[in-house]
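Participant: Here you go, this is upload_27.txt (compact mmCIF, C-alpha atoms and all ligand atoms).
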# COMPACT_ATOMS: atom_id res chain seq x y z
CA MET A 129 0.00 0.00 0.00
CA ASP A 130 1.21 3.51 -0.79
CA LEU A 131 2.35 5.32 2.37
CA MET A 132 0.00 8.28 1.86
CA ASN A 133 -2.94 5.88 1.55
CA ILE A 134 -1.93 4.24 4.82
CA ILE A 135 -1.59 7.62 6.55
CA LYS A 136 -4.93 8.86 5.25
CA GLY A 137 -6.75 5.54 5.64
CA ARG A 138 -5.92 4.95 9.31
CA ARG A 139 -8.87 5.84 11.51
CA SER A 140 -9.56 5.80 15.21
CA VAL A 141 -11.66 2.66 15.41
CA ARG A 142 -14.11 2.33 18.29
CA SER A 143 -15.96 -0.90 17.48
CA PHE A 144 -14.33 -4.23 16.80
CA LEU A 145 -15.25 -7.66 15.47
CA ASP A 146 -15.04 -10.70 17.71
CA LYS A 147 -12.11 -12.02 15.70
CA GLU A 148 -8.74 -12.97 17.15
CA VAL A 149 -5.62 -11.03 16.23
CA SER A 150 -2.56 -13.24 15.83
CA ARG A 151 0.34 -12.82 18.25
CA GLU A 152 2.55 -12.51 15.17
CA HIS A 153 0.65 -9.41 14.01
CA LEU A 154 0.85 -7.91 17.49
CA ILE A 155 4.62 -8.43 17.63
CA THR A 156 5.00 -6.86 14.17
CA ILE A 157 3.07 -3.82 15.43
CA LEU A 158 5.32 -3.55 18.50
CA GLU A 159 8.39 -3.88 16.32
CA ALA A 160 7.18 -0.88 14.30
CA GLY A 161 6.99 0.95 17.63
CA ILE A 162 10.57 0.32 18.69
CA TRP A 163 11.85 1.65 15.35
CA ALA A 164 10.44 5.11 16.04
CA PRO A 165 12.93 7.94 16.48
CA SER A 166 13.58 9.22 20.01
CA GLY A 167 15.48 12.18 21.43
CA SER A 168 19.17 11.20 21.87
CA ASN A 169 17.97 7.71 20.97
CA ILE A 170 17.15 7.25 24.65
CA GLN A 171 14.04 5.19 23.86
CA PRO A 172 12.44 6.09 27.20
CA TRP A 173 9.50 3.77 26.59
CA GLU A 174 8.07 0.53 27.88
CA PHE A 175 5.25 -1.12 25.92
CA ILE A 176 2.88 -3.43 27.78
CA LEU A 177 1.00 -5.79 25.47
CA ILE A 178 -2.34 -7.01 26.79
CA ASP A 179 -4.12 -9.77 24.90
CA ASP A 180 -5.82 -11.49 27.81
CA ALA A 181 -9.59 -10.95 27.48
CA THR A 182 -10.27 -10.73 31.22
CA LEU A 183 -7.50 -8.21 31.71
CA ILE A 184 -8.83 -6.13 28.81
CA LYS A 185 -12.24 -6.17 30.49
CA LYS A 186 -10.67 -4.94 33.73
CA ILE A 187 -8.71 -2.19 31.98
CA LYS A 188 -11.88 -1.08 30.19
CA LEU A 189 -13.48 -0.44 33.57
CA LEU A 190 -10.77 2.12 34.34
CA SER A 191 -10.81 3.70 30.88
CA PRO A 192 -13.73 5.98 29.98
CA GLY A 193 -12.09 6.72 26.61
CA LEU A 194 -11.89 3.07 25.56
CA TYR A 195 -14.80 2.25 23.27
CA GLY A 196 -15.74 -1.19 21.94
CA PHE A 197 -14.15 -4.52 22.77
CA PRO A 198 -10.67 -4.64 21.25
CA LYS A 199 -8.72 -7.91 21.11
CA ALA A 200 -5.51 -6.33 22.32
CA LEU A 201 -4.15 -3.23 23.97
CA VAL A 202 -0.70 -1.73 23.97
CA ILE A 203 0.00 0.45 26.99
CA LEU A 204 2.74 2.92 26.16
CA CYS A 205 4.66 4.04 29.22
CA VAL A 206 7.42 6.52 29.95
CA ASN A 207 10.29 5.09 31.94
CA LYS A 208 11.30 8.12 34.01
CA LYS A 209 14.70 6.65 34.92
CA LYS A 210 15.48 6.67 31.20
CA SER A 211 13.74 9.93 30.25
CA GLU A 212 15.62 11.96 32.87
CA LYS A 213 18.84 11.24 30.98
CA ALA A 214 17.62 13.86 28.50
CA GLY A 215 17.87 16.56 31.18
CA ARG A 216 15.14 19.02 32.05
CA GLN A 217 13.48 18.44 28.69
CA GLY A 218 13.33 14.71 29.38
CA GLU A 219 9.68 14.55 30.33
CA SER A 220 8.33 16.43 27.32
CA LEU A 221 10.72 14.69 24.92
CA ALA A 222 9.56 11.33 26.23
CA VAL A 223 5.95 12.17 25.36
CA MET A 224 7.07 13.08 21.83
CA ASP A 225 9.03 9.84 21.55
CA ILE A 226 6.06 7.78 22.73
CA SER A 227 3.77 9.57 20.29
CA MET A 228 6.04 8.69 17.39
CA ALA A 229 6.12 5.07 18.46
CA ALA A 230 2.34 5.11 18.77
CA GLN A 231 1.86 6.42 15.25
CA ASN A 232 4.26 3.80 13.87
CA MET A 233 2.22 1.11 15.60
CA MET A 234 -1.12 2.41 14.37
CA LEU A 235 0.07 2.72 10.78
CA MET A 236 1.50 -0.79 10.91
CA ALA A 237 -1.78 -2.06 12.36
CA TYR A 238 -3.70 -0.42 9.52
CA SER A 239 -1.39 -1.93 6.92
CA LEU A 240 -2.21 -5.34 8.43
CA GLY A 241 -5.96 -4.67 8.13
CA LEU A 242 -6.34 -3.90 11.81
CA GLY A 243 -8.13 -0.98 13.41
CA SER A 244 -6.64 0.95 16.30
CA CYS A 245 -7.44 3.89 18.54
CA PRO A 246 -5.08 6.00 20.63
CA ILE A 247 -6.55 6.45 24.10
CA ALA A 248 -5.44 8.97 26.69
CA SER A 249 -8.63 8.90 28.75
CA PHE A 250 -7.88 6.22 31.28
CA ASN A 251 -7.10 6.35 34.96
CA LYS A 252 -3.33 6.17 35.24
CA LEU A 253 -3.22 5.46 38.95
CA GLY A 254 -5.74 2.64 38.70
CA LEU A 255 -3.94 1.13 35.71
CA LYS A 256 -0.56 1.27 37.44
CA HIS A 257 -2.08 -0.59 40.36
CA LEU A 258 -3.88 -3.16 38.18
CA LEU A 259 -0.81 -4.03 36.11
CA ASN A 260 1.79 -3.75 38.89
CA ILE A 261 3.64 -1.05 36.97
CA SER A 262 6.79 0.14 38.76
CA GLU A 263 6.91 3.51 40.46
CA GLU A 264 9.32 5.01 37.87
CA VAL A 265 7.16 3.95 34.93
CA ASP A 266 4.13 6.02 33.89
CA PRO A 267 1.48 4.86 31.43
CA VAL A 268 0.68 7.79 29.13
CA LEU A 269 -1.20 6.35 26.17
CA MET A 270 -3.02 3.20 25.22
CA ILE A 271 -3.66 1.78 21.77
CA SER A 272 -6.62 -0.51 21.24
CA LEU A 273 -6.32 -3.07 18.45
CA GLY A 274 -8.71 -5.36 16.62
CA TYR A 275 -10.46 -6.01 13.35
CA PRO A 276 -12.90 -3.12 12.89
CA SER A 277 -16.62 -3.79 12.62
CA GLU A 278 -16.64 -0.64 10.50
CA TRP A 279 -14.16 1.97 9.33
CA PRO A 280 -15.47 5.36 10.46
CA SER A 281 -15.56 8.18 7.95
CA PRO A 282 -12.61 10.53 8.31
CA PRO A 283 -13.10 13.51 10.62
CA ALA A 284 -12.30 16.83 8.92
CA ARG A 285 -8.77 18.21 8.88
CA ARG A 286 -7.82 21.86 8.94
CA PRO A 287 -6.79 22.67 5.37
CA LEU A 288 -3.13 22.64 4.39
CA GLU A 289 -3.36 26.25 3.27
CA GLU A 290 -4.39 27.31 6.76
CA VAL A 291 -1.97 25.16 8.74
CA VAL A 292 1.15 25.67 6.66
CA HIS A 293 3.10 28.91 6.84
CA LEU A 294 5.59 29.56 4.07
CA ASN A 295 8.87 31.31 4.80
CA GLY A 296 7.56 32.96 7.96
CA TYR A 297 4.51 32.86 10.17
CA GLY A 298 1.21 34.03 8.72
CA LYS A 299 2.12 33.69 5.06
CA HIS A 300 0.14 30.82 3.64
CA PRO A 301 1.08 28.99 0.48
CA GLY A 302 -1.43 28.91 -2.36
CA ARG A 303 -2.24 25.56 -3.95
CA MET B 223 -22.55 -11.71 45.68
CA ALA B 224 -19.02 -13.01 45.18
CA THR B 225 -16.72 -10.19 44.11
CA GLU B 226 -14.99 -12.47 41.55
CA ASN B 227 -18.14 -12.26 39.38
CA ILE B 228 -18.62 -8.56 39.84
CA LEU B 229 -16.80 -7.77 36.57
CA GLU B 230 -19.81 -9.10 34.67
CA ASP B 231 -22.29 -6.95 36.60
CA GLU B 232 -23.44 -3.99 34.51
CA ASN B 233 -24.10 -1.88 37.60
CA PHE B 234 -20.53 -2.42 38.74
CA GLN B 235 -19.26 -1.59 35.25
CA LEU B 236 -21.24 1.64 35.37
CA LEU B 237 -19.89 2.41 38.83
CA ALA B 238 -16.26 1.99 37.72
CA PHE B 239 -16.96 4.09 34.62
CA LEU B 240 -18.45 6.88 36.74
CA LEU B 241 -15.56 6.93 39.18
CA ALA B 242 -12.88 6.88 36.47
CA SER B 243 -14.78 9.64 34.65
CA ALA B 244 -15.10 11.74 37.80
CA ARG B 245 -11.31 11.74 38.12
CA GLY B 246 -10.68 12.11 34.40
CA CYS B 247 -12.98 15.12 34.02
CA LEU B 248 -10.69 17.18 36.26
CA ASP B 249 -7.99 17.04 33.58
CA GLU B 250 -10.00 16.86 30.36
CA PRO B 251 -11.81 19.40 28.16
CA PRO B 252 -15.10 20.52 29.82
CA ILE B 253 -17.21 19.06 26.99
CA TYR B 254 -15.89 15.59 27.88
CA GLY B 255 -18.01 15.88 31.03
CA SER B 256 -21.11 15.82 28.82
CA LEU B 257 -19.65 12.98 26.76
CA ARG B 258 -19.04 10.82 29.84
CA LEU B 259 -22.54 11.56 31.11
CA ILE B 260 -24.24 10.49 27.87
CA ASP B 261 -22.05 7.37 27.83
CA ALA B 262 -23.17 6.67 31.40
CA ALA B 263 -26.78 7.37 30.37
CA GLU B 264 -26.46 4.79 27.58
CA LYS B 265 -25.11 2.22 30.01
CA THR B 266 -28.03 3.01 32.33
CA ILE B 267 -30.55 2.53 29.50
CA ASN B 268 -28.97 -0.85 28.76
CA ILE B 269 -29.39 -1.85 32.42
CA ILE B 270 -33.04 -0.68 32.51
CA ILE B 271 -33.93 -2.46 29.25
CA ARG B 272 -32.22 -5.65 30.42
CA LYS B 273 -34.31 -5.49 33.60
CA PHE B 274 -37.71 -4.39 32.24
CA GLY B 275 -37.55 -5.45 28.59
CA GLU B 276 -37.76 -3.28 25.49
CA ILE B 277 -38.94 0.30 26.11
CA GLN B 278 -39.47 2.10 22.83
CA GLU B 279 -38.83 5.62 24.18
CA LEU B 280 -35.52 4.61 25.76
CA SER B 281 -34.36 2.87 22.58
CA GLU B 282 -35.06 6.11 20.73
CA ILE B 283 -33.06 8.08 23.30
CA ARG B 284 -30.21 5.56 22.96
CA LYS B 285 -30.15 6.17 19.20
CA LYS B 286 -29.96 9.91 19.80
CA ILE B 287 -27.13 9.37 22.29
CA GLU B 288 -25.21 7.54 19.56
CA LYS B 289 -25.79 10.48 17.24
CA ALA B 290 -24.75 12.95 19.94
CA ARG B 291 -21.51 11.02 20.56
CA SER B 292 -20.54 11.33 16.91
CA LEU B 293 -21.04 15.10 17.16
CA VAL B 294 -19.09 15.87 20.33
CA LEU B 295 -15.80 16.64 18.58
CA ALA B 296 -17.24 17.57 15.20
CA ASP B 297 -20.06 20.04 15.85
CA GLU B 298 -20.71 21.36 19.35
CA GLU B 299 -23.84 23.25 18.32
CA GLU B 300 -25.47 20.13 16.83
CA PHE B 301 -24.33 18.17 19.90
CA SER B 302 -26.13 20.68 22.10
CA LYS B 303 -29.27 20.52 19.90
CA THR B 304 -29.31 16.72 20.09
CA LEU B 305 -29.05 16.87 23.89
CA ASP B 306 -32.01 19.31 23.87
CA GLU B 307 -34.02 16.80 21.82
CA ILE B 308 -33.13 14.07 24.29
CA MET B 309 -34.28 16.30 27.15
CA ILE B 310 -37.65 16.80 25.46
CA ASP B 311 -37.95 13.01 25.02
CA ILE B 312 -37.16 12.25 28.65
CA SER B 313 -39.47 15.07 29.82
CA LYS B 314 -42.32 13.52 27.81
CA MET B 315 -41.66 10.18 29.49
CA ILE B 316 -41.68 11.84 32.91
CA GLN B 317 -44.89 13.72 32.12
CA LYS B 318 -46.66 10.57 30.92
CA ALA B 319 -45.67 8.53 33.96
C1 LIG C 401 -3.15 11.84 22.23
C2 LIG C 401 -4.48 11.32 21.77
C3 LIG C 401 -5.41 10.88 22.71
C4 LIG C 401 -6.63 10.35 22.30
N1 LIG C 401 -7.49 9.84 23.24
C5 LIG C 401 -8.64 9.26 22.84
C6 LIG C 401 -9.48 8.61 23.79
O1 LIG C 401 -9.20 8.58 24.99
N2 LIG C 401 -10.60 8.00 23.33
C7 LIG C 401 -10.94 8.01 22.01
O2 LIG C 401 -11.96 7.42 21.66
N3 LIG C 401 -10.15 8.62 21.08
C8 LIG C 401 -9.01 9.23 21.46
N4 LIG C 401 -8.18 9.80 20.53
C9 LIG C 401 -8.54 9.75 19.09
C10 LIG C 401 -8.96 11.10 18.49
O3 LIG C 401 -10.26 11.43 18.92
C11 LIG C 401 -8.88 10.98 16.96
O4 LIG C 401 -7.54 10.75 16.59
C12 LIG C 401 -9.38 12.22 16.22
O5 LIG C 401 -10.75 12.43 16.47
C13 LIG C 401 -9.14 12.12 14.70
O6 LIG C 401 -9.73 10.97 14.17
P1 LIG C 401 -8.87 9.88 13.36
O7 LIG C 401 -7.84 9.30 14.32
O8 LIG C 401 -9.85 8.83 12.90
O9 LIG C 401 -8.20 10.55 12.22
C14 LIG C 401 -6.96 10.32 20.92
C15 LIG C 401 -6.02 10.79 19.98
C16 LIG C 401 -4.80 11.25 20.40
C17 LIG C 401 -3.78 11.69 19.36
Give the structure from this file in structure tokens form.
Ligand SMILES: Cc1cc2nc3c(=O)[nH]c(=O)nc-3n(C[C@H](O)[C@H](O)[C@H](O)COP(=O)(O)O)c2cc1C
Facilitator:
Amino acid sequence: MDLMNIIKGRRSVRSFLDKEVSREHLITILEAGIWAPSGSNIQPWEFILIDDATLIKKIKLLSPGLYGFPKALVILCVNKKKSEKAGRQGESLAVMDISMAAQNMMLMAYSLGLGSCPIASFNKLGLKHLLNISEEVDPVLMISLGYPSEWPSPPARRPLEEVVHLNGYGKHPGR
Amino acid sequence: MATENILEDENFQLLAFLLASARGCLDEPPIYGSLRLIDAAEKTINIIIRKFGEIQELSEIRKKIEKARSLVLADEEEFSKTLDEIMIDISKMIQKA
């Protein structure tokens, strides 16, 4: 698939089929994650893969932003011991790093025919407790994964002409 | 009731959802408060219908909740109008009762 088609075709999917996702696909998606760029190549992330149905059910109870019944979840966490190596910027850089990994994973999922949704609306404290996540590790984002029961229509984007500034702020390129 | 089975209980699921939302709303955009409440309302309708059987008016409200959810991020004005419609529906139910 052409990269632009993958980028434009990916959607936040919020309803899933009751169809298993192979462990092989899930590992491929995680592999796409670890190949994301990161500030100073610190890779301040930990990815927790959840494919146990009961555990997913429990996580859903703590996650108002998790819609539908996905077959797997990836919990993307910042490892603060690692992120602090980047100095005072460490915390904000780590969020950027995680976001890049997340996008890699979601694009890979889409290229495998899987739907995904990034989810920030979950209770971090509750999740840390539920999954025995160490003190120095903070879950910041979750990705739900599964075969979509439908692909939603794409929400509108601000037009390129409005978002892009050419050779200085406020000067917009024509098409 | 054994707490091992509580995961399957829809009331418990609603309870956990409400508590997680109460905490989440402190950090999220104000309109997410409305979103969580309509999601909770939908869960409540499911519980009522499971208990009492099909209730036409509530099924209609559930459909409108679905519509409202799709509007939250896209069109706040339409979202607000849909919630007004839902309020008229529930008021009619209350009046009739
Ligand atoms: C950082 C971040 C957090 C998000 N959190 C949630 C969430 O908690 N629940 C949800 O349903 N969608 C969530 N989304 C998905 C957005 O609503 C979605 O990306 C946006 O509406 C655009 O739709 P699209 O992804 O289909 O292009 C999140 C997206 C991002 C980038």
Participant: Hey, which of A:Lys252, A:Lys210, A:Lys199, A:Lys147 ends up closest to chain B? Count only C-alpha atoms.
Facilitator: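 Under the stated criterion, the closest residue is A:Lys252.
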Participant: Output the neighbourhood of ligand LIG 401 (chain C) as an MDAnalysis selection string, that is, all protein and nucleic acid residues with some atom at most 10 Å from the ligand, counting all atoms listed in the file.
Facilitator: (chainID A and resid 135:142 191:196 223 227 230:231 234 243:250 268:272 279:285) or (chainID B and resid 250 292 294:296)
Participant: Residues at most 9 Å from Leu237 of chain B, counting all atoms listed in the file, excluding those fewer than 5 positions away in the same chain, as a PyMOL selection string?
Facilitator: (chain A and resi 189) or (chain B and resi 232+242)
Participant: Can you tell me, as a list in words, which residues sit within 9 Å of (-23.9, 4.1, 25.2) in the file's frame, using all atoms listed in the file?
Facilitator: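 Checking each residue against the 9 Å limit leaves Ile260, Asp261, Ala262, Ala263, Glu264, Lys265, Thr266, Ile267, Asn268, Arg284, Lys285, Ile287, Glu288 and Arg291 of chain B.
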Participant: Pick the closest to Ser243 of chain B from B:Lys303, B:Asp231, B:Lys286, B:Leu257: which is it, counting only C-alpha atoms?
Facilitator: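 Among the listed residues, B:Leu257 lies closest to Ser243 of chain B.
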Participant: Atom CA of Pro198 of chain A and atom CA of Ile162 of chain A, how far apart in Å?
Facilitator: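 Between atom CA of Ile162 of chain A and atom CA of Pro198 of chain A the gap works out to 22.0 Å.
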Participant: Do you know which residues are at most 12 Å from Val291 of chain A counting all atoms listed in the file, after dropping those on the same chain fewer than 6 positions away, and could you put them as a PyMOL selection string?
Facilitator: chain A and resi 285+297-302
Participant: Compute the chain B side of the contact with chain A at 8 Å, counting all atoms listed in the file, and hand it back as a list of chain:residue names.
Facilitator: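 That gives the following set of residues: B:Leu229, B:Gln235, B:Ala238, B:Phe239, B:Ala242, B:Ser243, B:Arg245, B:Gly246, B:Arg258, B:Ala296.
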Participant: When distances are computed from only C-alpha atoms, which of A:Leu242, A:Gly215, A:Ile226, A:Ile203 shows the smallest separation from Leu259 of chain A?
Facilitator: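 Looking at the shortest contact to Leu259 of chain A, the residue is A:Ile203.
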Participant: Which residues are close to segment 167-177 of chain A, i.e. within 7 Å by all atoms listed in the file, leaving aside same-chain residues fewer than 3 positions away? Reply as a CSV table (one decimal) with C-alpha atoms, in the coordinates of the input.
Facilitator:
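selection.csv was written with the following content:
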chain,number,residue,atom,x,y,z
A,201,LEU,CA,-4.2,-3.2,24.0
A,202,VAL,CA,-0.7,-1.7,24.0
A,203,ILE,CA,0.0,0.4,27.0
A,204,LEU,CA,2.7,2.9,26.2
A,205,CYS,CA,4.7,4.0,29.2
A,206,VAL,CA,7.4,6.5,30.0
A,207,ASN,CA,10.3,5.1,31.9
A,210,LYS,CA,15.5,6.7,31.2
A,211,SER,CA,13.7,9.9,30.2
A,221,LEU,CA,10.7,14.7,24.9
A,222,ALA,CA,9.6,11.3,26.2
A,225,ASP,CA,9.0,9.8,21.6
A,226,ILE,CA,6.1,7.8,22.7
Participant: Near Ala237 of chain A, counting all atoms listed in the file, which residues have an atom at most 10 Å away, once you skip same-chain residues fewer than 3 positions from it, shown as a VMD selection string?
Facilitator: chain A and resid 134 138 153 to 154 156 to 158 160 231 to 234 240 to 244 273 to 275
Participant: What gap, in Å, lies between atom CA of Ser150 of chain A and atom CA of Lys256 of chain A?
Facilitator: 26.1 Å
Participant: Could you tell me how far atom CA of Met309 of chain B lies from atom CA of Asp249 of chain B, in Å and to one decimal?
Facilitator: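 Atom-to-atom, atom CA of Met309 of chain B to atom CA of Asp249 of chain B, that is 27.1 Å.
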